[in-house]
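What follows is a short report on a single structure.
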Amino acid sequence: MQTLHTVAEMQAEADRARCAGRRLALVPTMGALHEGHLALVREARQRVGPEGHVTVSVFVNPTQFAPGEDYERYPRTLDADRAALAELVSEDGAGGADAVFAPSAEEMYPFGLPPLTTVRVAEMGRYLCGASRPGHFEGVTSVVTKLFLACRPDVAVFGQKDAQQLAILRRMTRELGFGIEIVGHPIVREKDGLALSSRNRYLSPEERRQAVVLSRALFAAGHAAGQGERSADALRQLMREQIALAPLAEVDYVEVVDADSLAPVETLEKEGPSGGRYLAALAVRFGGTRLIDNTTLRVA
Ligand code: AMP
């Protein structure tokens with residue numbers, strides 16, 4: 001498994017693989033890899049097969065952090081990340097990653113910050129996390145575009161954990177005609193339901209204990225929707241009640257939105273624009289740590 005630090009190296013490696021007839025997969029991450037990320041790498045390997053080529057990018061992208069967010073203190077653990085990926089190779093015969101693409105900020109933004117050229121997916125970037133993280137999704141779509149151009153993969157794998165990011169990237173990929181298959185992988189959770197996240201390590205033991213209310217709130221909404229609750233407000237209220245059980249939790253948002261457009265809805269309908277698929281999504285702060293989670297609601 002090689003580590004590539006420049007866009008030119010990444011492009012050359014991808015060109016070689018493509019010329020050898022290999023299918024390419026890309027798994028973009030910010031590093032501090034955990035089991036959720038590794039599940040994405042396994043999915044990528046499955047998609048391109050043992051002969052395929054899998055790149056994991058590790059880049060803490062400055063343009064998707066707002067001033068005052070955790071860009072400076074975000075964990076940077078490239079050696080451990082490489083070791084975890086190398087272990088993945090020995091674990092299953094098919095192997096994990098062929099390459100780690102770990103560029104510096106200077107490499108990705110050679111003209112400095114902010115870059116003059118960006119990619120923006122209008123409304124979808126303003127709902128949910130977009131409201132409290134202005135500019136975040138423009139940073140994401142722009143950097144993913146640059147990663148796509150460096151690697152030009154056939155397949156790119158993202159986690160459903162960041163459901164808004166996934167929906168926006170799907171839209172961007174189709175609208176710009178990248179010709180890349182976007183694969184969404186289900187959320188990987190701890191035993192008690194907490195979604196794995198590189199930011200969970202910021203939580204104090206008491207915050208960690210209380211953070212279980214996030215998934216409980218979502219599961220309660222899923223259960224109620226399954227029992228026939230069609231009022232989005234009733235589901236939002238139910239989730240807020242669950243979260244209120246954790247005294248340290250401070251709600252950023254609790255929403256029920258259309259699964260594709262991410263627009264807030266009033267009623268869950270089988271004939272809705274996304275064919276009865278909705279997203280219950282939330283963002284909650286514990287002290288200085290902001291956690292997000294979501295679940296898909298299906299009206300049958
Ligand atoms: P990040 O390093 O946080 O930017 O995440 C990189 C990718 O891993 C994104 O596509 C995330 O959605 C995905 N991811 C992060 N945590 C999880 C999880 N618990 N389950 C599934 N995918 C995840």
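Following the order of the structure tokens, first chain is A, next is B, and so on, with residues numbered from 1 inside each chain and ligands from 1 in the order they appear.
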
* **Close residues to ligand 1 using only C-alpha atoms and all ligand atoms, limit 8 Å, as a ChimeraX atom specification** => /A:27-37,39-40,58,60,157-163,165-166,184-189,195-198

Residues as selected, C-alpha atoms, written as a short mmCIF file (atom, residue, chain, number, x, y, z; two decimals), in the first residue's frame, can you do that?
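For reference, result.cif as written:
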```cif
data_model
loop_
_atom_site.label_atom_id
_atom_site.label_comp_id
_atom_site.auth_asym_id
_atom_site.auth_seq_id
_atom_site.Cartn_x
_atom_site.Cartn_y
_atom_site.Cartn_z
CA VAL A 27 -13.10 6.46 -0.22
CA PRO A 28 -12.73 10.10 0.87
CA THR A 29 -12.07 10.60 4.62
CA MET A 30 -10.58 13.10 7.02
CA GLY A 31 -8.62 10.32 8.73
CA ALA A 32 -8.70 9.27 12.41
CA LEU A 33 -10.08 6.09 10.90
CA HIS A 34 -12.53 3.93 12.85
CA GLU A 35 -14.64 0.88 12.03
CA GLY A 36 -17.15 3.06 10.14
CA HIS A 37 -14.44 4.17 7.71
CA ALA A 39 -16.54 -0.63 6.48
CA LEU A 40 -16.51 1.87 3.60
CA VAL A 58 -7.03 11.29 4.17
CA VAL A 60 -8.62 17.40 6.86
CA VAL A 157 -18.08 5.30 -1.32
CA PHE A 158 -19.55 7.59 1.35
CA GLY A 159 -21.31 6.92 4.66
CA GLN A 160 -25.01 7.38 5.25
CA LYS A 161 -23.84 8.84 8.59
CA ASP A 162 -23.41 12.13 6.72
CA ALA A 163 -26.73 11.79 4.91
CA GLN A 165 -23.37 15.23 2.39
CA LEU A 166 -24.27 12.02 0.55
CA GLY A 184 -23.87 5.03 0.27
CA HIS A 185 -22.87 2.69 3.10
CA PRO A 186 -25.13 2.16 6.16
CA ILE A 187 -24.19 3.78 9.49
CA VAL A 188 -21.85 1.73 11.68
CA ARG A 189 -22.79 2.04 15.36
CA ALA A 195 -22.88 6.22 15.54
CA LEU A 196 -19.10 5.90 15.24
CA SER A 197 -17.44 9.26 14.66
CA SER A 198 -13.93 10.65 14.83
#
```

* Quick one: DSSP alpha helix (DSSP H) residues in region 156-186 of chain A, as a VMD selection string? -> chain A and resid 163 to 176

Atoms to include: all heavy atoms. Write the selected residues as a short mmCIF file (atom, residue, chain, number, x, y, z; two decimals), in the first residue's frame.
```cif
data_model
loop_
_atom_site.label_atom_id
_atom_site.label_comp_id
_atom_site.auth_asym_id
_atom_site.auth_seq_id
_atom_site.Cartn_x
_atom_site.Cartn_y
_atom_site.Cartn_z
N ALA A 163 -25.69 11.98 5.92
CA ALA A 163 -26.73 11.79 4.91
C ALA A 163 -26.89 13.02 4.01
O ALA A 163 -27.12 12.88 2.81
CB ALA A 163 -28.06 11.46 5.59
N GLN A 164 -26.74 14.20 4.60
CA GLN A 164 -26.89 15.41 3.79
C GLN A 164 -25.74 15.52 2.80
O GLN A 164 -25.93 15.83 1.62
CB GLN A 164 -26.93 16.65 4.70
CG GLN A 164 -27.17 17.94 3.94
CD GLN A 164 -27.38 19.13 4.86
OE1 GLN A 164 -27.08 19.05 6.06
NE2 GLN A 164 -27.87 20.22 4.31
N GLN A 165 -24.55 15.22 3.27
CA GLN A 165 -23.37 15.23 2.39
C GLN A 165 -23.58 14.25 1.24
O GLN A 165 -23.33 14.57 0.07
CB GLN A 165 -22.16 14.84 3.22
CG GLN A 165 -20.92 14.50 2.43
CD GLN A 165 -19.74 14.23 3.35
OE1 GLN A 165 -19.20 15.15 3.92
NE2 GLN A 165 -19.34 12.98 3.48
N LEU A 166 -24.06 13.05 1.56
CA LEU A 166 -24.27 12.02 0.55
C LEU A 166 -25.29 12.48 -0.50
O LEU A 166 -25.06 12.34 -1.71
CB LEU A 166 -24.72 10.72 1.24
CG LEU A 166 -25.04 9.52 0.37
CD1 LEU A 166 -23.85 9.12 -0.49
CD2 LEU A 166 -25.47 8.34 1.25
N ALA A 167 -26.41 13.04 -0.03
CA ALA A 167 -27.45 13.48 -0.96
C ALA A 167 -26.92 14.61 -1.86
O ALA A 167 -27.17 14.63 -3.08
CB ALA A 167 -28.68 13.97 -0.19
N ILE A 168 -26.16 15.52 -1.28
CA ILE A 168 -25.61 16.64 -2.06
C ILE A 168 -24.59 16.13 -3.08
O ILE A 168 -24.57 16.56 -4.23
CB ILE A 168 -24.97 17.68 -1.10
CG1 ILE A 168 -26.07 18.42 -0.33
CG2 ILE A 168 -24.08 18.65 -1.85
CD1 ILE A 168 -25.55 19.34 0.77
N LEU A 169 -23.75 15.19 -2.66
CA LEU A 169 -22.72 14.67 -3.58
C LEU A 169 -23.36 13.86 -4.71
O LEU A 169 -22.88 13.88 -5.85
CB LEU A 169 -21.69 13.83 -2.82
CG LEU A 169 -20.80 14.66 -1.87
CD1 LEU A 169 -19.93 13.73 -1.03
CD2 LEU A 169 -19.93 15.65 -2.65
N ARG A 170 -24.44 13.14 -4.41
CA ARG A 170 -25.16 12.43 -5.47
C ARG A 170 -25.66 13.42 -6.51
O ARG A 170 -25.54 13.20 -7.72
CB ARG A 170 -26.38 11.70 -4.88
CG ARG A 170 -26.08 10.38 -4.21
CD ARG A 170 -27.41 9.66 -3.96
NE ARG A 170 -27.30 8.62 -2.96
CZ ARG A 170 -26.73 7.44 -3.15
NH1 ARG A 170 -26.21 7.15 -4.33
NH2 ARG A 170 -26.68 6.55 -2.19
N ARG A 171 -26.26 14.50 -6.01
CA ARG A 171 -26.82 15.51 -6.92
C ARG A 171 -25.70 16.15 -7.75
O ARG A 171 -25.80 16.31 -8.96
CB ARG A 171 -27.58 16.55 -6.09
CG ARG A 171 -28.17 17.68 -6.88
CD ARG A 171 -29.27 17.16 -7.81
NE ARG A 171 -29.84 18.26 -8.56
CZ ARG A 171 -31.10 18.68 -8.44
NH1 ARG A 171 -31.93 18.10 -7.60
NH2 ARG A 171 -31.54 19.69 -9.16
N MET A 172 -24.61 16.52 -7.07
CA MET A 172 -23.48 17.16 -7.75
C MET A 172 -22.92 16.25 -8.84
O MET A 172 -22.65 16.69 -9.97
CB MET A 172 -22.38 17.48 -6.73
CG MET A 172 -21.13 18.07 -7.36
SD MET A 172 -19.74 18.18 -6.21
CE MET A 172 -19.00 16.56 -6.41
N THR A 173 -22.75 14.98 -8.51
CA THR A 173 -22.14 14.02 -9.44
C THR A 173 -22.98 13.89 -10.70
O THR A 173 -22.46 13.83 -11.82
CB THR A 173 -21.96 12.66 -8.75
OG1 THR A 173 -21.17 12.87 -7.59
CG2 THR A 173 -21.27 11.66 -9.65
N ARG A 174 -24.32 13.87 -10.50
CA ARG A 174 -25.19 13.74 -11.66
C ARG A 174 -25.24 15.04 -12.44
O ARG A 174 -25.19 15.07 -13.67
CB ARG A 174 -26.60 13.33 -11.23
CG ARG A 174 -26.61 11.91 -10.67
CD ARG A 174 -27.99 11.40 -10.46
NE ARG A 174 -28.73 11.29 -11.72
CZ ARG A 174 -30.02 11.01 -11.78
NH1 ARG A 174 -30.69 10.80 -10.69
NH2 ARG A 174 -30.61 10.92 -12.95
N GLU A 175 -25.34 16.17 -11.71
CA GLU A 175 -25.48 17.45 -12.40
C GLU A 175 -24.23 17.83 -13.18
O GLU A 175 -24.31 18.43 -14.24
CB GLU A 175 -25.86 18.56 -11.41
CG GLU A 175 -27.35 18.83 -11.46
CD GLU A 175 -27.83 19.93 -10.54
OE1 GLU A 175 -27.15 20.26 -9.54
OE2 GLU A 175 -28.90 20.46 -10.81
N LEU A 176 -23.06 17.48 -12.65
CA LEU A 176 -21.82 17.81 -13.36
C LEU A 176 -21.39 16.70 -14.31
O LEU A 176 -20.41 16.84 -15.03
CB LEU A 176 -20.69 18.11 -12.36
CG LEU A 176 -20.87 19.37 -11.50
CD1 LEU A 176 -19.64 19.61 -10.64
CD2 LEU A 176 -21.13 20.60 -12.36
#
```

* Asked: Which one is closest to Ala66 (chain A): A:Ser132, A:Thr296, A:Asn200, A:Gln11? Count only C-alpha atoms.
  ->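 For Ala66 (chain A), the nearest of the given residues is A:Ser132.
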
I need the residues of region 192-255 of chain A that end up classed as strand (DSSP E or B) by DSSP on the backbone, written out as a PDB file with N, CA and C atoms, in the first residue's frame.
```
ATOM      1  N   ALA A 195     -23.559   6.330  16.840  1.00  0.00           N
ATOM      2  CA  ALA A 195     -22.879   6.216  15.544  1.00  0.00           C
ATOM      3  C   ALA A 195     -21.389   6.494  15.742  1.00  0.00           C
ATOM      4  N   SER A 231     -47.353  12.445  10.928  1.00  0.00           N
ATOM      5  CA  SER A 231     -47.102  13.863  11.172  1.00  0.00           C
ATOM      6  C   SER A 231     -45.618  14.083  11.473  1.00  0.00           C
ATOM      7  N   ALA A 249     -27.325  17.503  26.805  1.00  0.00           N
ATOM      8  CA  ALA A 249     -27.557  17.642  25.358  1.00  0.00           C
ATOM      9  C   ALA A 249     -28.175  18.993  25.028  1.00  0.00           C
ATOM     10  N   GLU A 250     -27.646  19.621  23.991  1.00  0.00           N
ATOM     11  CA  GLU A 250     -28.191  20.902  23.531  1.00  0.00           C
ATOM     12  C   GLU A 250     -28.506  20.744  22.041  1.00  0.00           C
ATOM     13  N   VAL A 251     -29.794  20.826  21.700  1.00  0.00           N
ATOM     14  CA  VAL A 251     -30.213  20.537  20.319  1.00  0.00           C
ATOM     15  C   VAL A 251     -29.794  21.652  19.364  1.00  0.00           C
ATOM     16  N   ASP A 252     -29.175  21.257  18.243  1.00  0.00           N
ATOM     17  CA  ASP A 252     -28.922  22.196  17.155  1.00  0.00           C
ATOM     18  C   ASP A 252     -30.133  22.136  16.213  1.00  0.00           C
ATOM     19  N   TYR A 253     -30.447  20.933  15.723  1.00  0.00           N
ATOM     20  CA  TYR A 253     -31.702  20.747  14.991  1.00  0.00           C
ATOM     21  C   TYR A 253     -32.183  19.318  15.145  1.00  0.00           C
ATOM     22  N   VAL A 254     -33.504  19.179  15.004  1.00  0.00           N
ATOM     23  CA  VAL A 254     -34.149  17.859  14.949  1.00  0.00           C
ATOM     24  C   VAL A 254     -35.124  17.972  13.802  1.00  0.00           C
ATOM     25  N   GLU A 255     -34.946  17.205  12.747  1.00  0.00           N
ATOM     26  CA  GLU A 255     -35.730  17.446  11.537  1.00  0.00           C
ATOM     27  C   GLU A 255     -36.266  16.158  10.912  1.00  0.00           C
TER      28      GLU A 255
END
```

* Considering only C-alpha atoms, return as a VMD selection string whatever protein or nucleic-acid residues lie within 12 Å of region 76-82 of chain A, sequence-local ones (same chain, fewer than 4 positions apart) excluded. => chain A and resid 1 to 5 29 to 35 37 to 38 55 to 61 70 to 72 86 to 89 96 to 104 198 to 199

Using only C-alpha atoms, which residues of region 138-235 of chain A come within 7 Å of region 279-292 of chain A, and what is the closest atom pair for each, with the distance in Å to one decimal? Give it as a tab-separated table, sorted by chain and residue number.
```
residue	atom	partner	partner_atom	distance
A:Tyr202	CA	A:Thr289	CA	6.5
A:Leu203	CA	A:Thr289	CA	6.9
A:Glu207	CA	A:Phe286	CA	6.2
A:Leu218	CA	A:Ala280	CA	6.7
```

* Smallest atom-to-atom distance to Glu106 (chain A): which of A:Pro205, A:Gly222, A:Gly125, A:Pro62, using only C-alpha atoms? -> A:Pro62

* **Atom pair CA of Tyr278 (chain A) / CA of Ser215 (chain A): separation (Å)** => 16.4 Å

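Residues in contact range of Glu181 (chain A), defined as at most 8 Å between only C-alpha atoms, with sequence neighbours fewer than 5 positions away removed, read A:Asp154, A:Val155, A:Ala156.
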
* **Which residue of A:Gly276, A:Pro153, A:Gly112, A:Pro67 approaches His53 (chain A) most closely, using only C-alpha atoms** =>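 Looking only at the distances to His53 (chain A), the closest residue turns out to be A:Pro153.
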
* Length of the CA of Pro75 (chain A) to CA of Arg208 (chain A) vector [Å] ->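 Straight-line distance from CA of Pro75 (chain A) to CA of Arg208 (chain A) works out to 17.8 Å.
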
* To do: Would you work out the distance separating CA of Ala25 (chain A) from CA of Ala83 (chain A), expressed in Å to one decimal?
  =>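 Distance between the two atoms: 19.8 Å.
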
* Kindly indicate which residue among A:Ala84, A:Leu268, A:Leu248, A:Ala211 lies nearest to Glu229 (chain A), using only C-alpha atoms for the distances. => A:Leu268
